[in-house]
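For reference, the structure discussed in these notes is given below.
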Amino acid sequence: MNELAADLEALAAFGAEGAGVSRLAWSPALLDASRWLLERARAIGLQAELDAAGNVIAKSPGSGPAIVVGSHIDTVPQGGRYDGALGVLCGLAALRRLAADGFSGSRPVWLVAFMDEEGARFGTPMFGSRAFVGEDLRELGTRRDEQGVALAEAMAAAGFPLAEVSRARAVDQVECYLELHIEQGPVLEARGVDVGIVSHISGSIDVRVGLVGQAGHAGTTPMDARHDALVGAARLIALIRDEAAAANVRATVGTIAISPGASNVVPGAAELSVDVRASEEATLDRFAGRLAELTAAVGKQEGLETSVSETARLAPLTLSSDLQQLLSGSAQEVGASSIAMPSGAAHDAMIVGRHVPAAMLFVPSRAGVSHRDDEYTSNEQCALGCEVLTRAVSELAGGA
Ligand SMILES: [Zn+2]
């Protein structure tokens, strides 16, 4: 087993659950894994600490702005071993190579494992990278997990006061950012390609749609006298699916809350979440406009009051063309086949890449599976992607 595979195995022991792992934000399993990573980094001569946002930051010596390489080691509940973890461990492998050469490049290289990329516990995705670029996150402190614990409480218990999170801002010392990640989709495997070089990351909007009609007795309310919010929701969900397919958008109604919510009561109100993703901001805006029109039309048809509100937005990001070129050159040099491809999933690179040039490298995911315990990328595929990343990092650091 090579060192990367051994590291993957060792990291997967933290929060192990069957074949998968659960390392939620600020959990003991994640913090233990972070401390393990600090030790691994120190063992090759890096100066490694947790910053005020719980990010692992490990620095090689050198002067000038830093080359940052990283990803995340938190997971969704019962997630896989590779999502995030592979990018961090490949970054560690790249630094191990630099260390073997005595850090002969003059540029500092930082390995970063961002806290809470998944946002699975508190609904606060990319918390660590957002802190790293200096966003004000204090208002997130009241978000609660399923047990009722607030984010600020969980952070305080782990020794990280939310009031001090602004001290994690470090993007001003950064030259550029590189992130290797599993594809989480089927394209590379289907095409038999070794690595994907990401051209852009889709943007997204989260929309809440409310439909209010009238609750009533299931036996006594005539069919033609109903204002059934769930019937309206059902019509709307099908329309959203059709409209998205026609508009080159991915739109998903992922949750629906009905009240009163009893088998013998006509539903009086429904609230839906709509997750909308597209590669162009104008496409997102157009779809948001259509969603409002469709909702109003369904409301009219079913006799419902409607409301539509956008609750979150992430603009799409185009990745650095210089860094894409560097990665494709590195792939060629190590004999890895590559294609350019978009990312439909969000990543820390999306946050950091708004401040400094950023690039992402994908390796194949078996059957496109991710966020499950059967997520898998072979050791050979991991090693080859790692080699491409290592070469690019070495070149940026000036030691190649
Ligand atoms: Zn990830």
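Residue numbers start at 1 in each chain; chains themselves are named A, B, ... in the order of the structure tokens; ligands are numbered from 1 in the order shown.
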
Requested in this report: Counting only C-alpha atoms and all ligand atoms, name the residues that have an atom within 7 Å of an atom of ligand 1; the answer should be given as number ranges by chain.
Outcome: A: 72, 83-84, 117-118, 181, 347

Requested in this report: Please identify which residues in region 208-323 of chain A DSSP calls helix (DSSP H, G or I) from the backbone, and express them as a PyMOL selection string.
Outcome: chain A and resi 223-225+229-247+281-302+321-323

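The closest residue to Gly87 (chain A), picked from A:Val352, A:Ala29, A:Val249, A:Val69 and counting only C-alpha atoms, is A:Val69.
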
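Using only C-alpha atoms, the protein and nucleic acid residues lying no more than 7 Å from Arg23 (chain A), apart from those fewer than 6 places from it along its own chain, are A:Gly15, A:Ala29, A:Leu30, A:Asp74, A:Thr75.
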
Could those residues be written to a file, using N, CA, C and O atoms, as a compact mmCIF listing (two decimals), in the first residue's frame?
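For reference, part.txt as written:
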```
# COMPACT_ATOMS: atom_id res chain seq x y z
N GLY A 15 -14.50 8.40 13.12
CA GLY A 15 -15.92 8.49 12.80
C GLY A 15 -16.40 7.34 11.94
O GLY A 15 -17.43 7.45 11.28
N ALA A 29 -15.32 13.34 16.52
CA ALA A 29 -14.67 12.56 15.45
C ALA A 29 -13.91 13.47 14.50
O ALA A 29 -12.77 13.17 14.10
N LEU A 30 -14.52 14.60 14.13
CA LEU A 30 -13.84 15.52 13.21
C LEU A 30 -12.64 16.18 13.88
O LEU A 30 -11.57 16.31 13.27
N ASP A 74 -14.52 17.08 6.86
CA ASP A 74 -15.83 16.78 7.46
C ASP A 74 -16.63 15.99 6.41
O ASP A 74 -16.28 15.98 5.23
N THR A 75 -17.67 15.32 6.86
CA THR A 75 -18.49 14.50 5.95
C THR A 75 -19.97 14.72 6.24
O THR A 75 -20.33 15.29 7.27
```

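Closest approach to Glu183 (chain A) from the set A:Ile197, A:Ala5, A:Ala93, A:Leu31 is made by A:Ile197, with distances taken over only C-alpha atoms.
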
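In terms of minimum interatomic distance to Gly159 (chain A), A:Ala53 ranks closest within A:Ala53, A:Val109, A:Ile240, A:Leu304, counting only C-alpha atoms.
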
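Ranking A:Val212, A:Leu323, A:Ala19, A:Ala152 by their shortest atom-to-atom distance to Pro357 (chain A), with only C-alpha atoms included, puts A:Leu323 first.
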
Report summary line: Taken to one decimal, the CA of Val209 (chain A)-CA of Ser309 (chain A) distance is 6.6 Å

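Picture a line from CA of Gln47 (chain A) to CA of Leu98 (chain A); it runs 14.1 Å.
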
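In this structure, CA of Gly141 (chain A) sits 23.1 Å away from CA of Val112 (chain A).
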
Report summary line: Among A:Thr220, A:Leu137, A:Ala190, A:Gly261, Arg167 (chain A) is approached most closely, using only C-alpha atoms, by A:Leu137
